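Data block for upload_26.pdb (PDB, C-alpha atoms):
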ATOM      1  CA  MET A 227     -45.981   7.578  25.208
ATOM      2  CA  GLU A 228     -44.333  10.089  22.920
ATOM      3  CA  ASP A 229     -40.859   9.821  21.400
ATOM      4  CA  PHE A 230     -38.612  12.832  21.253
ATOM      5  CA  PRO A 231     -35.545  13.006  18.971
ATOM      6  CA  VAL A 232     -32.223  13.318  20.745
ATOM      7  CA  LYS A 233     -29.480  15.300  19.010
ATOM      8  CA  ILE A 234     -25.879  14.465  19.821
ATOM      9  CA  ASN A 235     -22.998  16.533  18.449
ATOM     10  CA  PHE A 236     -20.371  14.040  17.306
ATOM     11  CA  GLY A 237     -18.088  16.717  15.913
ATOM     12  CA  GLY A 238     -16.876  14.522  13.065
ATOM     13  CA  LEU A 239     -13.949  12.130  13.289
ATOM     14  CA  ALA A 240     -11.128  13.361  15.525
ATOM     15  CA  GLN A 241      -8.096  14.262  13.411
ATOM     16  CA  LYS A 242      -5.714  13.423  16.261
ATOM     17  CA  GLN A 243      -6.040  11.369  19.440
ATOM     18  CA  ASP A 244      -6.281  14.428  21.704
ATOM     19  CA  ALA A 245      -8.474  16.462  19.324
ATOM     20  CA  ALA A 246     -12.212  17.093  19.610
ATOM     21  CA  GLY A 247     -14.479  14.677  17.788
ATOM     22  CA  THR A 248     -15.561  11.043  17.615
ATOM     23  CA  LEU A 249     -12.883   8.490  18.530
ATOM     24  CA  MET A 250     -14.832   5.251  18.100
ATOM     25  CA  SER A 251     -17.981   3.890  16.451
ATOM     26  CA  ILE A 252     -18.962   0.345  15.478
ATOM     27  CA  ASN A 253     -20.158  -0.291  11.899
ATOM     28  CA  LEU A 254     -20.913   3.414  11.581
ATOM     29  CA  LYS A 255     -18.906   6.191   9.949
ATOM     30  CA  PRO A 256     -19.155   9.774  11.250
ATOM     31  CA  TYR A 257     -19.537  12.593   8.719
ATOM     32  CA  GLU A 258     -20.567  16.246   8.857
ATOM     33  CA  LYS A 259     -24.302  15.550   9.385
ATOM     34  CA  GLY A 260     -24.317  12.394  11.471
ATOM     35  CA  LEU A 261     -23.462   8.709  11.054
ATOM     36  CA  ARG A 262     -23.675   6.327   8.105
ATOM     37  CA  SER A 263     -23.569   2.550   8.057
ATOM     38  CA  VAL A 264     -20.480   0.846   6.668
ATOM     39  CA  LEU A 265     -20.977  -2.010   4.222
ATOM     40  CA  ALA A 266     -18.399  -4.224   2.507
ATOM     41  CA  PRO A 267     -18.194  -3.973  -1.307
ATOM     42  CA  LYS A 268     -20.924  -6.136  -2.854
ATOM     43  CA  PRO A 269     -18.638  -8.261  -5.068
ATOM     44  CA  THR A 270     -16.676  -9.538  -2.056
ATOM     45  CA  HIS A 271     -19.866 -11.124  -0.666
ATOM     46  CA  GLN A 272     -19.433 -13.894  -3.261
ATOM     47  CA  LEU A 273     -16.219 -15.125  -1.666
ATOM     48  CA  SER A 274     -16.261 -17.940   0.868
ATOM     49  CA  GLY A 275     -13.605 -19.577   3.000
ATOM     50  CA  VAL A 276     -11.405 -16.483   2.826
ATOM     51  CA  ILE A 277      -9.105 -15.985   5.814
ATOM     52  CA  TRP A 278      -7.958 -12.601   7.158
ATOM     53  CA  PRO A 279      -6.281 -10.425   5.857
ATOM     54  CA  PHE A 280      -7.872 -11.434   2.551
ATOM     55  CA  PRO A 281      -9.580 -10.361   0.378
ATOM     56  CA  GLN A 282      -7.539  -7.411  -0.870
ATOM     57  CA  VAL A 283      -8.787  -4.828  -3.393
ATOM     58  CA  PHE A 284      -6.538  -3.034  -5.918
ATOM     59  CA  LYS A 285      -7.397  -0.173  -8.269
ATOM     60  CA  LEU A 286      -5.193  -0.438 -11.373
ATOM     61  CA  GLY A 287      -5.977   1.947 -14.220
ATOM     62  CA  LEU A 288      -9.706   1.926 -14.922
ATOM     63  CA  ASN A 289     -10.321  -1.479 -13.336
ATOM     64  CA  SER A 290     -10.427  -2.903  -9.823
ATOM     65  CA  TYR A 291      -9.192  -6.328  -8.757
ATOM     66  CA  VAL A 292      -9.778  -8.580  -5.754
ATOM     67  CA  THR A 293      -7.174 -11.036  -4.517
ATOM     68  CA  THR A 294      -7.434 -13.993  -2.193
ATOM     69  CA  LYS A 295      -4.426 -16.003  -1.062
ATOM     70  CA  ASP A 296      -4.134 -17.881  -4.379
ATOM     71  CA  SER A 297      -6.535 -16.175  -6.822
ATOM     72  CA  ILE A 298      -7.068 -12.858  -8.622
ATOM     73  CA  PHE A 299     -10.491 -11.610  -9.753
ATOM     74  CA  LEU A 300     -11.639  -8.685 -11.893
ATOM     75  CA  ILE A 301     -14.534  -6.677 -10.462
ATOM     76  CA  SER A 302     -17.153  -6.535 -13.226
ATOM     77  CA  GLY A 303     -20.231  -4.646 -12.042
ATOM     78  CA  ASN A 304     -21.371  -6.465  -8.910
ATOM     79  CA  ALA A 305     -19.681  -9.723  -9.922
ATOM     80  CA  LEU A 306     -16.197 -11.184  -9.642
ATOM     81  CA  ALA A 307     -14.641 -12.636 -12.804
ATOM     82  CA  PRO A 308     -11.779 -15.059 -12.003
ATOM     83  CA  LEU A 309      -8.611 -14.227 -13.954
ATOM     84  CA  ILE A 310      -6.191 -16.729 -12.417
ATOM     85  CA  THR A 311      -6.449 -19.330  -9.628
ATOM     86  CA  ASP A 312      -4.219 -21.765  -7.731
ATOM     87  CA  VAL A 313      -1.288 -19.346  -7.678
ATOM     88  CA  PRO A 314       1.631 -20.437  -5.433
ATOM     89  CA  ASN A 315       2.026 -18.171  -2.404
ATOM     90  CA  ALA A 316       4.530 -18.006   0.455
ATOM     91  CA  ASN A 317       1.673 -17.068   2.820
ATOM     92  CA  TYR A 318       2.087 -13.341   2.149
ATOM     93  CA  PRO A 319      -0.423 -10.694   1.070
ATOM     94  CA  TRP A 320      -0.422  -9.434  -2.507
ATOM     95  CA  ASP A 321       0.723  -6.116  -3.880
ATOM     96  CA  ALA A 322       0.155  -4.763  -7.377
ATOM     97  CA  ALA A 323       1.180  -2.003  -9.783
ATOM     98  CA  ILE A 324       0.571  -0.916 -13.369
ATOM     99  CA  VAL A 325       2.816   0.495 -16.124
ATOM    100  CA  GLY A 326       0.797   1.701 -19.102
ATOM    101  CA  ASP A 327      -1.870  -0.997 -19.236
ATOM    102  CA  TYR A 328       0.442  -3.798 -18.059
ATOM    103  CA  LYS A 329      -0.421  -5.127 -14.581
ATOM    104  CA  VAL A 330       2.011  -6.817 -12.207
ATOM    105  CA  PHE A 331       0.980  -8.705  -9.051
ATOM    106  CA  ILE A 332       3.500 -10.156  -6.558
ATOM    107  CA  ASN A 333       3.116 -12.184  -3.352
ATOM    108  CA  ASN A 334       6.747 -12.778  -2.280
ATOM    109  CA  LYS A 335       6.803 -16.060  -4.199
ATOM    110  CA  THR A 336       5.107 -15.630  -7.592
ATOM    111  CA  VAL A 337       4.857 -12.865 -10.200
ATOM    112  CA  VAL A 338       1.576 -12.601 -12.131
ATOM    113  CA  VAL A 339       1.386 -10.295 -15.161
ATOM    114  CA  GLY A 340      -0.911  -9.347 -18.012
ATOM    115  CA  ARG A 341      -3.331  -6.910 -19.561
ATOM    116  CA  ASP A 342      -6.853  -8.244 -20.186
ATOM    117  CA  THR A 343      -5.763 -11.706 -19.038
ATOM    118  CA  LEU A 344      -3.253 -12.744 -16.378
ATOM    119  CA  GLU A 345      -0.590 -15.440 -16.224
ATOM    120  CA  VAL A 346       2.333 -16.465 -14.044
ATOM    121  CA  ASP A 347       5.537 -14.823 -15.280
ATOM    122  CA  ASP A 348       8.511 -17.143 -15.669
ATOM    123  CA  SER A 349      10.786 -14.836 -17.674
ATOM    124  CA  GLU A 350      12.777 -13.897 -14.540
ATOM    125  CA  LYS A 351      12.913 -10.281 -15.770
ATOM    126  CA  ILE A 352      10.589  -9.244 -12.907
ATOM    127  CA  PRO A 353      11.696 -10.366  -9.435
ATOM    128  CA  THR A 354       9.178 -11.230  -6.792
ATOM    129  CA  GLY A 355       9.243  -9.460  -3.443
ATOM    130  CA  ARG A 356       7.094  -8.158  -0.603
ATOM    131  CA  SER A 357       5.723  -5.010  -2.259
ATOM    132  CA  ILE A 358       5.592  -3.192  -5.595
ATOM    133  CA  CYS A 359       4.651   0.275  -6.854
ATOM    134  CA  SER A 360       4.938   2.360 -10.016
ATOM    135  CA  VAL A 361       6.680   5.753 -10.244
ATOM    136  CA  SER A 362       6.703   7.723 -13.519
ATOM    137  CA  GLY A 363       6.775   4.589 -15.662
ATOM    138  CA  GLN A 364       9.174   2.650 -13.416
ATOM    139  CA  LEU A 365       8.376  -0.327 -11.239
ATOM    140  CA  ILE A 366       9.820  -0.474  -7.717
ATOM    141  CA  ILE A 367       9.986  -3.734  -5.723
ATOM    142  CA  ALA A 368      10.724  -4.114  -2.006
ATOM    143  CA  ALA A 369      12.968  -6.879  -0.623
ATOM    144  CA  PRO A 370      13.292  -8.614  -3.991
ATOM    145  CA  TRP A 371      14.516 -12.081  -4.893
ATOM    146  CA  ALA A 372      17.090 -10.961  -7.454
ATOM    147  CA  TYR A 373      20.278 -12.482  -8.844
ATOM    148  CA  ALA A 374      19.912 -15.766  -6.929
ATOM    149  CA  SER A 375      19.453 -14.256  -3.464
ATOM    150  CA  TRP A 376      16.974 -12.450  -1.234
ATOM    151  CA  ASN A 377      17.743  -8.758  -0.819
ATOM    152  CA  PHE A 378      15.633  -8.108   2.261
ATOM    153  CA  GLU A 379      17.063  -4.662   3.066
ATOM    154  CA  SER A 380      17.052  -3.336  -0.499
ATOM    155  CA  VAL A 381      14.771  -2.045  -3.226
ATOM    156  CA  ILE A 382      15.097  -2.591  -6.958
ATOM    157  CA  TRP A 383      13.734  -0.495  -9.811
ATOM    158  CA  SER A 384      13.144  -1.284 -13.462
ATOM    159  CA  ARG A 385      13.981   0.556 -16.649
ATOM    160  CA  VAL A 386      11.707   3.476 -17.540
ATOM    161  CA  GLY A 387       8.581   2.375 -19.397
ATOM    162  CA  ASP A 388       9.614  -1.269 -19.140
ATOM    163  CA  VAL A 389       9.170  -4.159 -16.746
ATOM    164  CA  ASP A 390      12.741  -5.403 -17.186
ATOM    165  CA  PHE A 391      14.826  -5.280 -13.984
ATOM    166  CA  THR A 392      18.023  -6.653 -15.548
ATOM    167  CA  LEU A 393      21.013  -4.647 -14.319
ATOM    168  CA  ASP A 394      23.358  -3.010 -16.834
ATOM    169  CA  ARG A 395      25.823  -0.126 -17.042
ATOM    170  CA  SER A 396      23.213   2.440 -18.124
ATOM    171  CA  ASN A 397      21.951   2.719 -14.504
ATOM    172  CA  VAL A 398      18.355   2.643 -15.760
ATOM    173  CA  SER A 399      17.739  -0.260 -13.405
ATOM    174  CA  ALA A 400      19.358  -0.715 -10.038
ATOM    175  CA  LEU A 401      19.366  -2.617  -6.734
ATOM    176  CA  ARG A 402      19.858  -0.275  -3.774
ATOM    177  CA  PHE A 403      20.190  -0.575   0.008
ATOM    178  CA  ALA A 404      17.167   1.179   1.571
ATOM    179  CA  ASP A 405      18.542   1.920   5.069
ATOM    180  CA  CYS A 406      15.286   1.024   6.858
ATOM    181  CA  GLY A 407      15.780  -2.594   7.926
ATOM    182  CA  ILE A 408      13.834  -5.310   6.144
ATOM    183  CA  VAL A 409      11.788  -3.465   3.522
ATOM    184  CA  LEU A 410       8.116  -4.351   3.907
ATOM    185  CA  ARG A 411       6.359  -1.829   1.659
ATOM    186  CA  VAL A 412       6.969   0.758  -1.074
ATOM    187  CA  LEU A 413       4.545   3.530  -2.057
ATOM    188  CA  PRO A 414       4.879   6.303  -4.688
ATOM    189  CA  GLN A 415       5.217   9.890  -3.485
ATOM    190  CA  SER A 416       5.202  13.455  -4.790
ATOM    191  CA  ILE A 417       6.614  16.223  -2.623
ATOM    192  CA  LYS A 418       6.651  19.992  -2.917
ATOM    193  CA  THR A 419      10.124  21.566  -2.946
ATOM    194  CA  MET A 420      11.572  25.022  -3.610
ATOM    195  CA  MET A 421      12.124  23.907  -7.214
ATOM    196  CA  GLY A 422       8.606  22.532  -7.661
ATOM    197  CA  TYR A 423       7.234  19.019  -7.266
ATOM    198  CA  LYS A 424       9.505  15.967  -7.273
ATOM    199  CA  SER A 425       8.378  12.370  -7.627
ATOM    200  CA  GLY A 426       9.739   9.210  -6.110
ATOM    201  CA  PHE A 427       8.765   6.575  -3.568
ATOM    202  CA  ILE A 428       9.000   5.821   0.142
ATOM    203  CA  ALA A 429      10.388   2.545   1.503
ATOM    204  CA  TYR A 430       8.897   1.355   4.802
ATOM    205  CA  GLY A 431      10.881  -1.131   6.847
ATOM    206  CA  THR A 432      11.252  -2.856  10.185
ATOM    207  CA  SER A 433      13.632  -0.180  11.537
ATOM    208  CA  GLY A 434      12.772   3.014   9.671
ATOM    209  CA  VAL A 435      11.321   4.921   6.739
ATOM    210  CA  SER A 436      13.386   6.113   3.747
ATOM    211  CA  SER A 437      12.510   8.547   0.958
ATOM    212  CA  PHE A 438      13.730   8.047  -2.604
ATOM    213  CA  LEU A 439      13.394  10.985  -5.036
ATOM    214  CA  HIS A 440      14.339  11.233  -8.705
ATOM    215  CA  ASP A 441      17.784  12.773  -9.091
ATOM    216  CA  ASN A 442      19.855  13.929 -12.063
ATOM    217  CA  LEU A 443      20.983  10.450 -13.018
ATOM    218  CA  PRO A 444      18.956   8.706 -15.724
ATOM    219  CA  ALA A 445      16.103   6.911 -13.999
ATOM    220  CA  GLY A 446      17.964   7.066 -10.674
ATOM    221  CA  PHE A 447      16.848   7.995  -7.165
ATOM    222  CA  SER A 448      18.528   9.723  -4.234
ATOM    223  CA  LEU A 449      17.988   8.436  -0.677
ATOM    224  CA  VAL A 450      17.051  10.422   2.453
ATOM    225  CA  LYS A 451      16.246   8.749   5.782
ATOM    226  CA  LEU A 452      12.964  10.157   7.131
ATOM    227  CA  SER A 453      12.532   8.230  10.361
ATOM    228  CA  ASN A 454      14.099   5.576  12.565
ATOM    229  CA  ILE A 455      10.626   4.303  13.494
ATOM    230  CA  GLY A 456       9.863   0.845  12.141
ATOM    231  CA  ILE A 457       6.389  -0.066  10.871
ATOM    232  CA  TYR A 458       4.058  -2.563  12.530
ATOM    233  CA  SER A 459       3.534  -4.823   9.503
ATOM    234  CA  GLN A 460       3.514  -4.929   5.715
ATOM    235  CA  LEU A 461      -0.143  -3.852   5.431
ATOM    236  CA  ALA A 462       0.077  -1.133   8.109
ATOM    237  CA  VAL A 463       0.860   1.474   5.422
ATOM    238  CA  SER A 464      -1.375   3.262   2.920
ATOM    239  CA  GLY A 465      -1.874   6.532   1.076
ATOM    240  CA  ASP A 466      -1.666   8.274  -2.281
ATOM    241  CA  ILE A 467       1.225  10.176  -3.890
ATOM    242  CA  ASN A 468       0.600  13.205  -1.635
ATOM    243  CA  ASP A 469      -0.298  11.703   1.749
ATOM    244  CA  HIS A 470       1.024   8.578   3.439
ATOM    245  CA  PHE A 471       0.021   6.958   6.729
ATOM    246  CA  PHE A 472       1.620   4.160   8.731
ATOM    247  CA  VAL A 473       1.371   2.417  12.104
ATOM    248  CA  SER A 474       4.615   1.973  14.031
ATOM    249  CA  LYS A 475       5.782  -1.064  15.964
ATOM    250  CA  ASP A 476       4.508   0.512  19.189
ATOM    251  CA  LYS A 477       1.064   0.966  17.572
ATOM    252  CA  LYS A 478       1.050   4.709  16.955
ATOM    253  CA  LEU A 479      -0.388   6.238  13.798
ATOM    254  CA  TYR A 480       1.849   8.551  11.750
ATOM    255  CA  SER A 481       1.400  10.639   8.610
ATOM    256  CA  ILE A 482       3.946  11.726   5.983
ATOM    257  CA  LYS A 483       3.456  14.708   3.692
ATOM    258  CA  ASP A 484       6.144  16.516   1.685
ATOM    259  CA  GLY A 485       8.788  14.445   3.429
ATOM    260  CA  VAL A 486       7.674  15.407   6.959
ATOM    261  CA  VAL A 487       6.727  12.678   9.454
ATOM    262  CA  LYS A 488       4.048  13.587  12.041
ATOM    263  CA  GLU A 489       2.752  11.546  14.959
ATOM    264  CA  LEU A 490      -1.072  11.431  15.009
ATOM    265  CA  GLY A 491      -1.421   9.129  18.018
ATOM    266  CA  TYR A 492      -4.441   6.809  18.442
ATOM    267  CA  GLN A 493      -2.218   4.436  20.417
ATOM    268  CA  SER A 494      -4.975   3.646  22.901
ATOM    269  CA  GLN A 495      -7.325   2.637  20.066
ATOM    270  CA  LEU A 496      -4.692   0.473  18.376
ATOM    271  CA  GLN A 497      -3.580  -1.433  21.479
ATOM    272  CA  GLY A 498      -6.191  -4.110  20.818
ATOM    273  CA  ALA A 499      -4.698  -4.981  17.436
ATOM    274  CA  GLY A 500      -3.598  -8.556  16.917
ATOM    275  CA  SER A 501      -1.150  -9.979  14.406
ATOM    276  CA  GLU A 502      -2.128  -7.651  11.551
ATOM    277  CA  ILE A 503      -3.148  -4.021  11.084
ATOM    278  CA  ILE A 504      -4.430  -2.993   7.667
ATOM    279  CA  LEU A 505      -4.552   0.617   6.473
ATOM    280  CA  SER A 506      -6.640   1.562   3.429
ATOM    281  CA  TYR A 507      -6.768   5.074   2.006
ATOM    282  CA  ASP A 508      -9.818   6.348   0.113
ATOM    283  CA  THR A 509      -8.240   8.875  -2.268
ATOM    284  CA  PHE A 510     -11.576  10.248  -3.482
ATOM    285  CA  ASN A 511     -12.972  11.022  -0.012
ATOM    286  CA  LYS A 512      -9.559  11.583   1.630
ATOM    287  CA  GLU A 513     -10.370   9.024   4.322
ATOM    288  CA  LEU A 514      -8.032   6.603   6.066
ATOM    289  CA  TRP A 515      -9.471   3.246   7.146
ATOM    290  CA  VAL A 516      -7.747   1.204   9.867
ATOM    291  CA  SER A 517      -8.725  -2.474  10.252
ATOM    292  CA  TYR A 518      -7.511  -5.036  12.786
TER
END
Would you mind writing the file's structure down as structure tokens?
Amino acid sequence: MEDFPVKINFGGLAQKQDAAGTLMSINLKPYEKGLRSVLAPKPTHQLSGVIWPFPQVFKLGLNSYVTTKDSIFLISGNALAPLITDVPNANYPWDAAIVGDYKVFINNKTVVVGRDTLEVDDSEKIPTGRSICSVSGQLIIAAPWAYASWNFESVIWSRVGDVDFTLDRSNVSALRFADCGIVLRVLPQSIKTMMGYKSGFIAYGTSGVSSFLHDNLPAGFSLVKLSNIGIYSQLAVSGDINDHFFVSKDKKLYSIKDGVVKELGYQSQLQGAGSEIILSYDTFNKELWVSY
């Protein structure tokens, strides 16, 4: 008996649902010359008893961090170094951001801060919330607990170069209605305009998507509604400052670039999703990963 190689043209990963290319593979990733196996990062193999959607991985500055429901680890080579454990959580995933070398983690109940070491913040200068990001030296928090109440449909930003969210008359920090329902996620953005590039962030909510761009006010942002389409869940959003992706409530994949929302489809592939859909964007390889 003699074996003969069989060549199959996969055509790479389909860019849209109705485009040519591979639509599905299991534990294999298509690329220009074939398929490669997909392996989880080695440090996460050390974790046990972790329940979906954990663990999460965050790249902050030069370092990477892994979070479980109540712990944060530093990735050191192929090992995980615990930085803080037994952190109170309201059963929400983590989000994280960095200003300078100062890291901030939030989980909708607790704020954890630090540089080389981490600790629970009890100064009340940084509110907790569902999501956090950093834009040009400012921190942005979605649906914050601020001034003795939950502000589910708002975002709050800090002073420039500071982690203090205390409101004052200078308008360098502010609490603003986001016009997208309950705000589930915030991500930084940079868009190309006739006057050059402008920075800001996008707020993703249960009933829409809103764009905030720096305006002429000191440290302020102007609001433009991009879409009336609500997102599927808090983790169903990912991207870098140039390209964003999100899954809608009806399980369609969308992209946002330069303030333009485009439907990519993949609804038939996403119909099997359960209670959570997680998007992860590989900035280096320009690849979007969808897990459910």
Problem set entry | Result set of the PyMOL selection byres ((chain A and resi 284-293) around 9) on the coordinates above, as a list in words |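 Selected by the PyMOL selection byres ((chain A and resi 284-293) around 9) here: Pro269, Thr270, Phe280, Pro281, Gln282, Val283, Thr294, Lys295, Asp296, Ser297, Ile298, Phe299, Leu300, Ile301, Ser302, Leu306, Pro319, Trp320, Asp321, Ala322, Ala323, Ile324, Gly326, Asp327 and Lys329 of chain A.
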Problem set entry | Protein and nucleic acid residues near (9.8, -9.3, 14.5) (cut-off 10 Å, all atoms listed in the file) as a list in words |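 The residues near that point, listed by chain and number, are Thr432, Tyr458, Ser459 and Lys475 of chain A.
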Exercise. In terms of the shortest atom-to-atom distance over only C-alpha atoms, which of A:Lys512, A:Trp278, A:Pro267, A:Ala305 is closest to A:Gly500?
Worked result: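 Of A:Lys512, A:Trp278, A:Pro267, A:Ala305, the one nearest A:Gly500 is A:Trp278, counting only C-alpha atoms.
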Exercise. Quick one: which residues end up in the PyMOL selection byres ((chain A and resi 338) around 10) for this structure, as a VMD selection string?
Worked result: chain A and resid 298 310 313 322 329 to 333 336 to 337 339 to 340 344 to 348 352 354
For this session: Grab the atom CA of A:Ile358 to atom CA of A:Arg411 distance for me, in Å with one decimal place.
Result: 7.4 Å
For this session: Take atom CA of A:Ser506 and atom CA of A:Val463 and report the distance between them in Å, one decimal.
Result: 7.8 Å
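The shortest atom-to-atom distance to A:His470, with all atoms listed in the file taken into account, belongs to A:Leu413 out of A:Ile503, A:Leu413, A:Glu489, A:Asp441.
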Exercise. Near A:Lys451, within 7 Å and counting only C-alpha atoms, which residues show up once chain neighbours fewer than 4 positions away are dropped, as a list in words?
Worked result: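 Everything that qualifies: Val435, Ser436 and Ser437 of chain A.
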Problem set entry | Evaluate the PyMOL selection byres ((chain A and resi 408) around 10) and report residues as a list of chain:residue names |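 In the shown coordinates, the PyMOL selection byres ((chain A and resi 408) around 10) covers A:Arg356, A:Ala368, A:Ala369, A:Asn377, A:Phe378, A:Glu379, A:Ser380, A:Val381, A:Ala404, A:Asp405, A:Cys406, A:Gly407, A:Val409, A:Leu410, A:Arg411, A:Ala429, A:Tyr430, A:Gly431, A:Thr432, A:Ser433, A:Gly434, A:Gly456.
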Would you export the selected residues with C-alpha atoms as a PDB file, keeping the file's coordinate frame, please?
ATOM      1  CA  ARG A 356       7.094  -8.158  -0.603  1.00  0.00           C
ATOM      2  CA  ALA A 368      10.724  -4.114  -2.006  1.00  0.00           C
ATOM      3  CA  ALA A 369      12.968  -6.879  -0.623  1.00  0.00           C
ATOM      4  CA  ASN A 377      17.743  -8.758  -0.819  1.00  0.00           C
ATOM      5  CA  PHE A 378      15.633  -8.108   2.261  1.00  0.00           C
ATOM      6  CA  GLU A 379      17.063  -4.662   3.066  1.00  0.00           C
ATOM      7  CA  SER A 380      17.052  -3.336  -0.499  1.00  0.00           C
ATOM      8  CA  VAL A 381      14.771  -2.045  -3.226  1.00  0.00           C
ATOM      9  CA  ALA A 404      17.167   1.179   1.571  1.00  0.00           C
ATOM     10  CA  ASP A 405      18.542   1.920   5.069  1.00  0.00           C
ATOM     11  CA  CYS A 406      15.286   1.024   6.858  1.00  0.00           C
ATOM     12  CA  GLY A 407      15.780  -2.594   7.926  1.00  0.00           C
ATOM     13  CA  VAL A 409      11.788  -3.465   3.522  1.00  0.00           C
ATOM     14  CA  LEU A 410       8.116  -4.351   3.907  1.00  0.00           C
ATOM     15  CA  ARG A 411       6.359  -1.829   1.659  1.00  0.00           C
ATOM     16  CA  ALA A 429      10.388   2.545   1.503  1.00  0.00           C
ATOM     17  CA  TYR A 430       8.897   1.355   4.802  1.00  0.00           C
ATOM     18  CA  GLY A 431      10.881  -1.131   6.847  1.00  0.00           C
ATOM     19  CA  THR A 432      11.252  -2.856  10.185  1.00  0.00           C
ATOM     20  CA  SER A 433      13.632  -0.180  11.537  1.00  0.00           C
ATOM     21  CA  GLY A 434      12.772   3.014   9.671  1.00  0.00           C
ATOM     22  CA  GLY A 456       9.863   0.845  12.141  1.00  0.00           C
TER      23      GLY A 456
END
For this session: Work out how far atom CA of A:Ile417 is from atom CA of A:Asp390, in Å to one decimal.
Result: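 Going from atom CA of A:Asp390 over to atom CA of A:Ile417, I get 26.8 Å.
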For this session: Please provide as an NGL selection string all residues within 6 Å of A:Ser399, with the sequence filter that same-chain residues fewer than 3 positions apart are discarded (counting all atoms listed in the file).
Result: :A and (383-385 or 391 or 393)
Please provide as an mmCIF file with C-alpha atoms, in the coordinates of the input all residues within 6 Å of A:Val386, with the sequence filter that same-chain residues fewer than 2 positions apart are discarded (counting only C-alpha atoms).
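Ended up saving to result_22.cif:
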data_model
loop_
_atom_site.group_PDB
_atom_site.id
_atom_site.type_symbol
_atom_site.label_atom_id
_atom_site.label_comp_id
_atom_site.auth_asym_id
_atom_site.auth_seq_id
_atom_site.Cartn_x
_atom_site.Cartn_y
_atom_site.Cartn_z
ATOM 1 C CA GLY A 363 6.775 4.589 -15.662
ATOM 2 C CA GLN A 364 9.174 2.650 -13.416
ATOM 3 C CA ASP A 388 9.614 -1.269 -19.140
#
